[in-house]
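Here is the structure we will look at, set down as structure tokens.
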Amino acid sequence: MRCPRSGNTVDAGRAREYSNGRRRSGRPRRKLSGDRGLLKTLHAYISRDLARITLLALVAFTLIMTVFAIIEPLRKQGLGADQVLALFAYTIPVMLSLTLPIAALLAATIVYGRFAQDNELMACRASGVSTLTLLRPALMLGGLVTVISLLLNNFVAPRMAMLTENTARENIKNIAYNQLRTRGYIKISGYLVHADRAFPDSDTLEGVVLADARKSERPALVAARTAKVYFTTYGNRSFLSVYPIDPVIPFVRRTGGTLPKADSLNIYEYELPSMVKEEPGWYDWSQLIGTLGEPSRNQEIKDALEEIRRDLCHGRLMKEIADTINSGRAYAKIRSSHGDVYEIRAAGAVAGDKETNLLGEVGGRRQPVTVTTRRDGRVDYTVTAEKGRVRVTWSPRSNTSIVDIVLDGPAVKQFSDGRPAQRRDEEPPIGPLDIPADIQARSDRTSLEDIYAADASLTSSERILSKIRQLKDQTIRKLIGKIKAEMHGRIAYGLSCFLLVAIGAALGLLFRGGQVISAFAISVAPAAVVIVLVIMGKQMVANPGVSQAAGLACIWSGIALLVAGNAVLYMHLARK
């Protein structure tokens with residue numbers, strides 16, 4: 001008998017004795033001369049085919065997924081050729097971690113299916129070579145794929161994902177201008193920024209319409225012939241600021257009417273959606289463990305805590321203004337960046353979280369709202385109105401909190417240098433002004449740990465306390481669930497690589513799936529089951545409303561099924 005691939009000739013009688021396991025005398029069999037060389041030849045032949053088909057399938061799967069799943073959508077957003085090439089290099093390791101196990105599974109099914117289909121398996125059995133011995137190259141390939149997959153998922157891919165995110169964020173300006181040129185507008189969380197023409201070199205837009213379309217039945221519009229735009233990155237968040245020049249309100253909702261002027265001092269700021277949002281899936285193993293013990297390492301949690309700290313600062317300012325004015329004194333701690341001091345008087349005040357209403361009459365006592373501006377210790381001018389308000393907002397563009405003093409209704413402006421008084425039906429806001437230094441310093445001393453603890457002495461604002469509770473009970477809990485799901489998912493996925501390749505090789509031998517289509521059909525079933533169970537389990541663990549134990553059981557049930565399947569198949573093959 002001649003082995004078709006190796007060419008070795010084996011005596012038929014000795015082959016039968018060898019395959020029965022003992023000589024007729026009952027003594028244990030001795031290895032035939034040349035057996036070691038035969039096995040070495042077979043393993044080398046199988047290993048070469050496994051490596052060749054794995055490489056071909058890996059290249060095909062990786063290119064398809066990289067180009068169509070990531071690169072092409074980002075290219076359409078306005079990235080240049082150099083950025084696309086950089087993204088391609090960064091995303092290759094990420095895609096390899098997904099495509100390598102599938103490519104190895106397909107290769108094992110094809111190689112061993114063809115091995116059985118060409119009757120090489122029968123010849124090897126007749127030569128006394130056990131089926132399990134033939135499967136060693138597949139098991140070695142599965143072990144190698146498992147090690148590579150764990151290294152890629154836990155160390156290489158997260159680093160590449162971070163570089164991808166940085167590339168996309170650095171090109172957020174090009175992406176936004178490309179949308180304005182091709183579509184004529186940018187849609188940002190229910191807001192629309194339209195421009196007839198965009199000039200990136202001068203950061204200028206022409207034919208601008210800003211629309212708040214969150215309530216489609218009552219849209220709010222502002223139009224301007226030209227506008228200046230600013231792009232700002234703060235942490236992992238990017239913002240678009242639009243400053244319309246001489247804006248107007250073309251019409252008011254559906255009731256008709258025209259207003260000639262909008263607030264000409266307004267800067268409209270919008271948070272641009274992140275092209276690559278930070279997720280635990282992009283963390284390396286050390287980041288997963290560190291963030292699990294300290295959730296504030298996550299940028300989303302950190303941003304939320306910083307926002308709460310700003311709210312605390314704004315609330316303290318509003319309360320201090322109201323308490324001072326209600327005690328009958330003037331509030332004179334607000335200053336401009338040039339050192340001008342603004343002294344506020346009123347009959348009373350009502351504090352909110354971000355705005356304090358200034359009242360001209362309280363309990364029958366009338367006192368107009370007065371804002372006196374002092375420059376170098378001397379009065380520069382005084383503005384008087386029936387009512388007003390002090391508001392504070394945070395500007396992402398300047399990364400600071402801005403205070404404005406708004407006087408409502410007819411206002412009178414009197415100058416100290418003898419110029420005639422000015423009477424206006426609408427007084428423009430006074431600002432931007434700075435938050436008092438002592439309040440800002442107190443806010444800076446409030447640590448993120450203090451906010452997370454949410455001590456009762458921190459604030460009496462139910463709105464802020466509610467945000468802290470929501471952060472702890474929902475956002476952080478969900479993040480911890482995602483981290484646990486990611487850790488278990490990575491380990492389970494890595495182990496599944498070995499088990500999938502092993503089961504693919506065994507199925508190839510049993511079903512003789514030597515053709516690509518039949519091999520793919522055989523191999524895709526166990527792979528699909530495992531991937532679906534891992535993804536489903538990760539979603540369950542990340543969901544605060546679902547038992548984490550049930551989600552973890554779902555993740556590992558796929559591994560249990562693969563282990564059971566491999567045990568059944570290999571026991572069946574061992575009997576042959």
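Numbering starts fresh at 1 for the residues of each chain in the structure tokens, the chains themselves are lettered A, B, ... in the order given, and ligands are numbered from 1 as they appear.
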Excluding segment 344-361 of chain A and residues on its chain fewer than 3 positions from it, collect all residues at most 8 Å away from it, counting only C-alpha atoms, and give them as a PyMOL selection string. chain A and resi 311+314-315+318-319+321-323+325-326+328-332+364-372+386-393+461
Where does DSSP see helix (DSSP H, G or I) in segment 433-530 of chain A, if you list the residues as a ChimeraX atom specification? /A:437-445,448-453,462-511,516-530
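If only C-alpha atoms are the atoms counted, then among A:Ile405, A:Ala574, A:Val379, A:Val534 the closest residue to Glu486 of chain A is A:Val534.
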Which residues come within 9 Å of Tyr381 of chain A, counting only C-alpha atoms, excluding same-chain residues fewer than 2 positions away, as number ranges by chain? A: 371-374, 379, 383, 413-417
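Near segment 49-59 of chain A, within a cut-off of 10 Å and counting only C-alpha atoms, sit the residues His43, Ala44, Tyr45, Ile46, Thr62, Leu63, Ile64, Met95, Leu96, Leu98, Thr99, Leu100, Pro101, Ile102, Ala103, Ala104, Leu105, Leu106, Ala107, Ala108, Thr109, Ile110, Val111, Tyr112, Pro137, Ala138 and Leu141 of chain A, with same-chain residues fewer than 3 positions away left out.
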